[in-house]
Amino acid sequence: MGWYEIVLGVALIILSIAIIVIVLLQQGRQAGLSGAIAGGAESFLGKTKGRKMEAKLERATKAIAIVFFVITLAASLLFFFL
């Protein structure tokens with residue numbers, strides 16, 4: 001087992017855990033509906049802060065997923081040709 005296998009394996013495990021954590025931190029698309037029906041008492045500032053945080057989490061999820069895909073593709077090609 002080469003050093004690159006260990007490095008890529010550890011990177012994939014860390015990225016997998018990061019994707020799981022970030023996805024679990026995100027609220028569901030339907031979470032805002034219950035507040036609208038129940039007459040949620042959020043202020044305007046609270047709503048915009050939540051949207052900004054959701055946008056950051058979505059961007060982080062997309063970025064980590066892309067990095068995960070690229071590393072997985074590189075690892076599979078590396079293992080196939082070596």
# chains A, B, ... in the order shown; residues from 1 in each chain; ligands from 1
$ residues_around --residues "Gln27 in chain A" --least-positions-apart "5" --cutoff "12 Å" --atoms "only C-alpha atoms" --output "list in words"
Ile22, Gly32, Leu33, Gly50, Arg51, Met53, Glu54, Ala55, Leu57 and Glu58 of chain A
$ atom_distance --atom1 "CA of Leu12 in chain A" --atom2 "CA of Ala63 in chain A"
13.9 Å
$ residues_around --residues "Leu8 in chain A" --least-positions-apart "6" --cutoff "10 Å" --atoms "only C-alpha atoms" --output "list in words"
Ile14, Ile71, Thr72, Ala74 and Ala75 of chain A
$ atom_distance --atom1 "CA of Ile64 in chain A" --atom2 "CA of Lys49 in chain A"
22.5 Å
$ closest_residue --among "A:Ile19, A:Leu24, A:Met1, A:Ile6" --to "Lys62 in chain A" --atoms "only C-alpha atoms"
A:Ile19
$ atom_distance --atom1 "CA of Ala65 in chain A" --atom2 "CA of Ala18 in chain A"
9.5 Å
$ residues_around --residues "Leu82 in chain A" --least-positions-apart "3" --cutoff "12 Å" --atoms "only C-alpha atoms" --output "ChimeraX atom specification"
/A:1-2,4-5,74-79
